[in-house]
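Next comes data_17.txt, a file with compact mmCIF, C-alpha atoms and all ligand atoms.
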```txt
# COMPACT_ATOMS: atom_id res chain seq x y z
CA MET S 7 6.09 6.53 -88.06
CA PRO S 8 8.68 9.15 -89.20
CA LEU S 9 10.92 10.55 -86.45
CA PRO S 10 9.46 14.12 -86.21
CA ALA S 11 5.96 12.70 -86.00
CA LEU S 12 7.12 10.28 -83.29
CA ARG S 13 8.70 13.13 -81.26
CA LYS S 14 5.48 15.14 -81.61
CA PHE S 15 3.49 12.13 -80.42
CA GLU S 16 5.83 11.64 -77.41
CA ARG S 17 5.49 15.33 -76.45
CA LYS S 18 1.71 15.02 -76.67
CA ILE S 19 1.71 11.90 -74.47
CA GLY S 20 4.15 13.65 -72.05
CA ARG S 21 1.78 16.63 -71.77
CA GLN S 22 -1.15 14.34 -71.13
CA ILE S 23 0.80 12.45 -68.44
CA ARG S 24 1.77 15.73 -66.72
CA LEU S 25 -1.86 16.89 -66.90
CA LEU S 26 -3.00 13.60 -65.40
CA GLU S 27 -0.42 13.86 -62.60
CA PHE S 28 -1.48 17.43 -61.92
CA ARG S 29 -5.11 16.33 -61.70
CA LYS S 30 -4.14 13.33 -59.55
CA ASN S 31 -2.26 15.62 -57.12
CA LEU S 32 -5.25 17.97 -57.00
CA ILE S 33 -7.59 15.06 -56.21
CA GLU S 34 -5.14 13.69 -53.60
CA ARG S 35 -4.94 17.08 -51.90
CA LYS S 36 -8.74 17.35 -51.94
CA ILE S 37 -9.11 13.86 -50.43
CA GLY S 38 -6.37 14.69 -47.86
CA ARG S 39 -8.29 17.83 -46.83
CA GLN S 40 -11.53 15.84 -46.51
CA ILE S 41 -9.79 13.18 -44.41
CA ARG S 42 -8.27 15.82 -42.09
CA LEU S 43 -11.67 17.51 -41.79
CA PHE S 44 -13.28 14.16 -40.99
CA GLU S 45 -10.56 13.37 -38.41
CA GLN S 46 -10.99 16.78 -36.76
CA LYS S 47 -14.75 16.22 -36.53
CA ARG S 48 -14.26 12.66 -35.23
CA ASP S 49 -11.76 13.84 -32.58
CA GLY S 50 -14.12 16.66 -31.59
CA ILE S 51 -17.00 14.24 -31.17
CA GLY S 52 -14.68 11.80 -29.29
CA ARG S 53 -13.59 14.58 -26.92
CA LYS S 54 -17.21 15.62 -26.34
CA ILE S 55 -18.19 12.02 -25.54
CA GLU S 56 -15.17 11.66 -23.21
CA GLN S 57 -16.12 14.90 -21.43
CA GLN S 58 -19.65 13.64 -20.96
CA ILE S 59 -18.34 10.32 -19.61
CA ARG S 60 -15.99 12.18 -17.18
CA GLN S 61 -18.89 14.37 -15.97
CA PHE S 62 -21.04 11.27 -15.46
CA GLU S 63 -18.16 9.54 -13.62
CA LEU S 64 -17.62 12.57 -11.36
CA LYS S 65 -21.30 12.76 -10.56
CA LYS S 66 -21.60 9.04 -9.78
CA GLY S 67 -18.13 8.62 -8.25
CA ILE S 68 -17.16 5.77 -10.60
CA ARG S 69 -14.66 5.21 -13.40
CA LEU S 70 -16.48 3.99 -16.49
CA ASP S 71 -13.40 3.42 -18.60
CA ASP S 72 -12.13 1.01 -15.95
CA GLU S 73 -15.47 -0.79 -15.96
CA VAL S 74 -15.36 -1.08 -19.75
CA ARG S 75 -11.77 -2.41 -19.73
CA PHE S 76 -12.64 -4.84 -16.98
CA ILE S 77 -15.68 -6.20 -18.77
CA ARG S 78 -13.63 -6.56 -21.97
CA SER S 79 -10.90 -8.49 -20.11
CA TRP S 80 -13.49 -10.58 -18.33
CA ILE S 81 -15.12 -11.54 -21.65
CA GLU S 82 -11.69 -12.57 -22.99
CA ARG S 83 -10.56 -14.52 -19.88
CA PRO S 84 -13.36 -14.94 -17.32
CA LEU S 85 -11.53 -17.35 -15.00
CA THR S 86 -8.37 -15.24 -14.90
CA VAL S 87 -9.97 -11.87 -14.33
CA GLY S 88 -12.49 -13.45 -11.97
CA ALA S 89 -14.75 -10.38 -11.68
CA VAL S 90 -16.91 -8.39 -14.05
CA THR S 91 -16.12 -5.02 -12.46
CA PRO S 92 -13.24 -3.59 -10.43
CA SER S 93 -13.63 -3.69 -6.64
CA GLY S 94 -15.66 -0.86 -5.17
CA LYS S 95 -14.15 1.71 -2.82
CA ILE S 96 -15.53 0.14 0.36
CA LEU S 97 -14.09 -3.29 -0.42
CA ALA S 98 -10.78 -1.72 -1.46
CA ARG S 99 -10.62 0.25 1.82
CA THR S 100 -11.47 -2.87 3.81
CA MET S 101 -8.49 -4.63 2.19
CA ALA S 102 -6.19 -1.66 2.83
CA ARG S 103 -7.18 -1.53 6.51
CA TYR S 104 -5.20 -4.70 7.17
CA VAL S 105 -1.93 -3.12 6.01
CA ASP S 106 -0.09 -0.99 8.56
CA PRO S 107 1.11 2.12 6.68
CA ASN S 108 3.82 2.62 9.31
CA SER S 109 5.32 -0.83 8.82
CA THR S 110 8.56 -1.17 6.91
CA GLY S 111 9.33 -3.12 3.75
CA PRO S 112 7.53 -3.53 0.46
CA VAL S 113 3.80 -4.06 0.16
CA VAL S 114 3.13 -6.60 -2.56
CA GLU S 115 -0.17 -6.55 -4.44
CA LEU S 116 -1.15 -9.54 -6.58
CA GLY S 117 -3.66 -8.97 -9.39
CA PRO S 118 -4.15 -5.20 -8.89
CA GLY S 119 -6.21 -4.92 -12.10
CA THR S 120 -6.96 -1.25 -12.73
CA GLY S 121 -5.79 -0.35 -9.22
CA PRO S 122 -8.74 0.30 -6.84
CA VAL S 123 -7.02 -1.52 -3.96
CA THR S 124 -3.69 0.12 -4.84
CA GLU S 125 -5.42 3.49 -4.63
CA ALA S 126 -6.94 2.59 -1.25
CA LEU S 127 -3.49 1.53 0.04
CA VAL S 128 -2.01 4.86 -1.03
CA GLU S 129 -4.97 6.74 0.49
CA ALA S 130 -4.42 4.83 3.74
CA GLY S 131 -0.86 6.17 3.86
CA VAL S 132 1.24 3.49 2.19
CA ASP S 133 4.06 5.20 0.33
CA PRO S 134 3.55 4.35 -3.40
CA SER S 135 7.28 3.66 -3.76
CA ARG S 136 6.84 0.68 -1.38
CA LEU S 137 4.29 -0.96 -3.68
CA VAL S 138 5.23 -3.96 -5.80
CA LEU S 139 2.39 -4.70 -8.20
CA VAL S 140 2.22 -8.12 -9.88
CA GLU S 141 -0.24 -8.18 -12.77
CA PHE S 142 -0.10 -10.14 -15.98
CA ASN S 143 -2.79 -8.45 -18.06
CA PRO S 144 -0.83 -6.04 -20.35
CA SER S 145 -3.62 -3.49 -20.68
CA PHE S 146 -4.07 -3.33 -16.87
CA CYS S 147 -0.26 -2.98 -16.61
CA ARG S 148 -0.36 0.09 -18.87
CA ILE S 149 -3.00 1.69 -16.66
CA LEU S 150 -1.09 0.87 -13.47
CA ARG S 151 2.13 2.29 -14.88
CA SER S 152 0.45 5.62 -15.61
CA ARG S 153 -1.53 5.77 -12.35
CA PHE S 154 1.23 4.63 -9.97
CA PRO S 155 4.51 5.65 -11.62
CA GLU S 156 6.41 5.35 -8.32
CA ALA S 157 5.37 1.75 -7.72
CA THR S 158 7.37 -1.23 -9.00
CA LEU S 159 5.33 -3.04 -11.62
CA VAL S 160 6.05 -6.68 -12.34
CA GLN S 161 4.26 -8.00 -15.39
CA GLY S 162 4.05 -11.72 -14.77
CA ASP S 163 2.29 -14.71 -13.26
CA ALA S 164 1.61 -14.16 -9.57
CA TYR S 165 1.44 -17.93 -9.04
CA SER S 166 5.19 -17.97 -9.73
CA LEU S 167 5.71 -15.55 -6.86
CA ARG S 168 8.89 -17.09 -5.54
CA ARG S 169 10.62 -16.92 -8.94
CA LEU S 170 9.30 -13.42 -9.66
CA LEU S 171 10.14 -11.70 -6.38
CA GLN S 172 12.71 -13.74 -4.46
CA THR S 173 15.68 -11.77 -5.74
CA MET S 174 13.83 -8.53 -6.27
CA LEU S 175 12.74 -7.83 -2.69
CA LEU S 176 15.65 -6.46 -0.67
CA GLN S 177 13.84 -6.85 2.66
CA PRO S 178 10.86 -8.90 3.91
CA ALA S 179 7.50 -7.68 2.66
CA ALA S 180 5.21 -5.95 5.15
CA ALA S 181 2.11 -7.45 3.54
CA VAL S 182 0.86 -9.32 0.51
CA VAL S 183 -2.53 -8.12 -0.72
CA SER S 184 -4.23 -10.32 -3.29
CA GLY S 185 -7.08 -9.66 -5.69
CA LEU S 186 -6.41 -12.92 -7.54
CA PRO S 187 -9.47 -15.08 -8.21
CA LEU S 188 -7.96 -17.76 -5.97
CA ILE S 189 -10.93 -20.11 -5.94
CA THR S 190 -10.59 -20.72 -9.69
CA LYS S 191 -7.30 -22.51 -8.91
CA PRO S 192 -6.76 -26.01 -7.43
CA LEU S 193 -6.19 -26.07 -3.67
CA THR S 194 -2.56 -27.15 -4.06
CA THR S 195 -1.85 -24.05 -6.20
CA ARG S 196 -3.54 -21.78 -3.63
CA LEU S 197 -1.57 -23.29 -0.78
CA ARG S 198 1.69 -23.00 -2.70
CA LEU S 199 0.98 -19.31 -3.30
CA LEU S 200 0.29 -18.78 0.41
CA ARG S 201 3.49 -20.59 1.35
CA ASP S 202 5.51 -18.52 -1.17
CA ALA S 203 3.93 -15.31 0.14
CA PHE S 204 4.74 -16.28 3.75
CA ASP S 205 8.35 -16.94 2.69
CA LEU S 206 8.57 -13.32 1.48
CA MET S 207 7.26 -11.91 4.79
CA LEU S 208 8.13 -11.97 8.47
CA PRO S 209 5.87 -14.10 10.72
CA GLY S 210 2.72 -12.20 11.66
CA ALA S 211 2.61 -10.13 8.45
CA PRO S 212 -0.78 -10.37 6.69
CA PHE S 213 -1.71 -12.12 3.47
CA VAL S 214 -4.91 -10.24 2.58
CA GLN S 215 -7.33 -11.84 0.13
CA PHE S 216 -10.85 -10.95 -0.92
CA THR S 217 -13.36 -13.42 -2.21
CA TYR S 218 -16.96 -13.43 -3.39
CA SER S 219 -17.41 -17.00 -2.18
CA VAL S 220 -18.97 -17.75 1.19
CA ALA S 221 -16.12 -19.88 2.53
CA SER S 222 -12.48 -19.04 3.12
CA PRO S 223 -10.50 -19.63 -0.11
CA LEU S 224 -7.86 -21.36 2.04
CA PRO S 225 -8.84 -24.09 4.54
CA LYS S 226 -9.03 -22.64 8.03
CA ARG S 227 -7.98 -25.75 9.92
CA LEU S 228 -4.71 -26.60 8.23
CA GLY S 229 -2.57 -25.12 10.99
CA GLY S 230 0.58 -23.09 10.66
CA PHE S 231 -1.35 -19.89 10.10
CA SER S 232 -4.07 -17.83 11.76
CA VAL S 233 -7.23 -16.79 9.93
CA GLU S 234 -9.31 -13.64 10.36
CA ALA S 235 -12.28 -12.44 8.30
CA SER S 236 -13.95 -9.08 7.76
CA GLU S 237 -17.67 -8.51 7.80
CA ARG S 238 -19.26 -9.22 4.43
CA VAL S 239 -18.98 -6.08 2.28
CA TRP S 240 -22.53 -5.80 0.97
CA MET S 241 -21.84 -2.51 -0.80
CA ASN S 242 -19.76 -4.29 -3.43
CA ILE S 243 -20.96 -5.89 -6.65
CA PRO S 244 -21.00 -8.79 -5.94
CA PRO S 245 -20.76 -8.67 -2.13
CA ALA S 246 -17.39 -9.89 -0.91
CA ARG S 247 -15.44 -10.71 2.24
CA VAL S 248 -11.80 -10.08 3.11
CA TRP S 249 -9.76 -12.91 4.62
CA VAL S 250 -6.44 -12.37 6.36
CA TYR S 251 -3.93 -15.16 6.91
CA ARG S 252 -0.81 -14.78 9.07
CA LYS S 253 2.03 -17.23 9.58
CA THR S 254 2.11 -18.16 13.24
C1 LIG J 1 -10.84 -10.15 -9.55
S1 LIG J 1 -9.67 -9.13 -10.46
C2 LIG J 1 -9.23 -8.01 -9.16
C3 LIG J 1 -8.62 -6.73 -9.66
C4 LIG J 1 -8.41 -5.64 -8.61
N1 LIG J 1 -7.55 -6.08 -7.54
C5 LIG J 1 -9.74 -5.21 -8.04
O1 LIG J 1 -9.94 -5.46 -6.85
O2 LIG J 1 -10.54 -4.63 -8.78
C6 LIG J 1 -8.27 -10.22 -10.63
C7 LIG J 1 -7.02 -9.60 -11.17
O3 LIG J 1 -5.97 -10.56 -11.09
C8 LIG J 1 -5.25 -10.59 -12.31
N2 LIG J 1 -4.66 -11.93 -12.42
C9 LIG J 1 -5.32 -13.10 -12.54
N3 LIG J 1 -4.46 -14.12 -12.57
C10 LIG J 1 -3.22 -13.58 -12.45
C11 LIG J 1 -1.92 -14.12 -12.40
N4 LIG J 1 -1.73 -15.44 -12.48
N5 LIG J 1 -0.87 -13.29 -12.27
C12 LIG J 1 -1.07 -11.94 -12.17
N6 LIG J 1 -2.28 -11.37 -12.22
C13 LIG J 1 -3.35 -12.17 -12.36
C14 LIG J 1 -6.30 -10.29 -13.36
O4 LIG J 1 -5.70 -9.83 -14.56
C15 LIG J 1 -7.10 -9.20 -12.63
O5 LIG J 1 -6.51 -7.96 -12.79
```

Kindly present the structure from the file in structure tokens form.
Ligand SMILES: C[S@@+](CC[C@H](N)C(=O)[O-])C[C@H]1O[C@@H](n2cnc3c(N)ncnc32)[C@H](O)[C@@H]1O
Amino acid sequence: MPLPALRKFERKIGRQIRLLEFRKNLIERKIGRQIRLFEQKRDGIGRKIEQQIRQFELKKGIRLDDEVRFIRSWIERPLTVGAVTPSGKILARTMARYVDPNSTGPVVELGPGTGPVTEALVEAGVDPSRLVLVEFNPSFCRILRSRFPEATLVQGDAYSLRRLLQTMLLQPAAAVVSGLPLITKPLTTRLRLLRDAFDLMLPGAPFVQFTYSVASPLPKRLGGFSVEASERVWMNIPPARVWVYRKT
């Protein structure tokens, strides 16, 4: 092709490319607008649904998002989570009753989950800055961090209590409150946890544990510690009992 004809051809192609780019930009902008519109609608619907959930929660006095998170975690790790729903208020208050809010020293909570027992402890007068929460589920940890910003959150395995807390606690703990599904663990592991908890506390301080099972999760006749039990809390799903162990 002669040179002038080639230049003319290039200019023509160049024009067509620019036209195509112009059209492409137009289409991209149109798609962008549609996506933003869709996102606005989706967020609006999401907010409406959330509002309705909040209203339902207020009316029924429950937290549905906690229930949903709990069920999801339970499906993923049933033996670790150990319950399908968070503890109800009455069970949480029964646990908190065994902790003296006027005592001194940290109050350690093992397996706080979404925090119903933590909330009951705070309601009972325990200063949130005294709380040391040991939880290893990362999504529960996120919730706890936002709900109890003054508490110390330790993301880790509560069965390694000695390693986790030995150097962290500057004075003996006033109480250890446990929501761990203890009975899913071998007896030796449970007893080691109790011994480690006692080592963090002064004699007489309570190790508070709830269980759905009929019997005490720690053998009553071993000696070395006293055992006390609450009435069965029937208003919990499933009904549960609180056991309190104290080093004698
Ligand atoms: C039965 S749920 C109780 C949750 C909460 N205390 C309540 O009463 O709703 C057990 C909790 O213990 C936590 N957990 C289980 N094993 C644990 C471990 N080894 N270390 C720390 N947390 C653990 C689970 O993630 C869950 O949050």

Exercise. Within 6 Å of ligand LIG 1 (chain J), counting all atoms listed in the file: which residues, as number ranges by chain?
Worked result: S: 86-89, 92-93, 117-119, 121-123, 140-143, 162-165, 185-187

How would the residues just picked look written out with C-alpha atoms as a short mmCIF file (atom, residue, chain, number, x, y, z; two decimals), keeping the file's coordinate frame?
```cif
data_model
loop_
_atom_site.label_atom_id
_atom_site.label_comp_id
_atom_site.auth_asym_id
_atom_site.auth_seq_id
_atom_site.Cartn_x
_atom_site.Cartn_y
_atom_site.Cartn_z
CA THR S 86 -8.37 -15.24 -14.90
CA VAL S 87 -9.97 -11.87 -14.33
CA GLY S 88 -12.49 -13.45 -11.97
CA ALA S 89 -14.75 -10.38 -11.68
CA PRO S 92 -13.24 -3.59 -10.43
CA SER S 93 -13.63 -3.69 -6.64
CA GLY S 117 -3.66 -8.97 -9.39
CA PRO S 118 -4.15 -5.20 -8.89
CA GLY S 119 -6.21 -4.92 -12.10
CA GLY S 121 -5.79 -0.35 -9.22
CA PRO S 122 -8.74 0.30 -6.84
CA VAL S 123 -7.02 -1.52 -3.96
CA VAL S 140 2.22 -8.12 -9.88
CA GLU S 141 -0.24 -8.18 -12.77
CA PHE S 142 -0.10 -10.14 -15.98
CA ASN S 143 -2.79 -8.45 -18.06
CA GLY S 162 4.05 -11.72 -14.77
CA ASP S 163 2.29 -14.71 -13.26
CA ALA S 164 1.61 -14.16 -9.57
CA TYR S 165 1.44 -17.93 -9.04
CA GLY S 185 -7.08 -9.66 -5.69
CA LEU S 186 -6.41 -12.92 -7.54
CA PRO S 187 -9.47 -15.08 -8.21
#
```

For this session: To one decimal in Å, tell me the separation between atom CA of S:Arg169 and atom CA of S:Leu206.
Result: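 Computing it gives 11.2 Å between the two atoms.
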
For this session: Figure out the distance between atom CA of S:Ile33 and atom CA of S:Ile19, please, to one decimal in Å.
Result: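 Interatomic distance here is 20.7 Å.
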
Exercise. Got a sec: who's within 12 Å of S:Thr195, counting all atoms listed in the file, leaving out chain neighbours fewer than 5 positions off, as a ChimeraX atom specification?
Worked result: /S:164-167,187-190,200-202,223-224

For this session: For S:Asp133, work out the shell of residues within 10 Å, counting only C-alpha atoms and skipping chain neighbours fewer than 6 positions away, then give it as a PyMOL selection string.
Result: chain S and resi 107-108+112-113+127+156-157

Exercise. With all atoms listed in the file as the atoms that count, which of S:Thr158, S:Leu175, S:Leu197, S:Met101 lies nearest to S:Val250?
Worked result: S:Met101

For this session: Skip S:Leu176 itself and residues of its chain fewer than 2 positions away, then list as JSON, numbers by chain all residues within 12 Å of it, counting only C-alpha atoms.
Result: {"S": [110, 111, 112, 136, 138, 171, 172, 173, 174, 178, 179, 180, 206, 207]}

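When atom CA of S:Gln40 is paired with atom CA of S:Gln58, their separation reads 26.9 Å.
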
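Nearest to S:Leu199 of all the residues S:Arg148, S:Arg168, S:Arg227, S:Arg17 is S:Arg168, counting all atoms listed in the file.
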
Listed atoms of stretch 46-52 of chain S boxed axis-aligned with 3 Å per side, centre + edges as lines of an AutoDock Vina configuration file:
```
center_x = -14.0
center_y = 14.3
center_z = -33.0
size_x = 12.0
size_y = 11.0
size_z = 13.5
```

Exercise. Pick the closest to S:Leu193 from S:Ser222, S:Gln57, S:Ser135, S:Gln46: which is it, counting only C-alpha atoms?
Worked result: S:Ser222
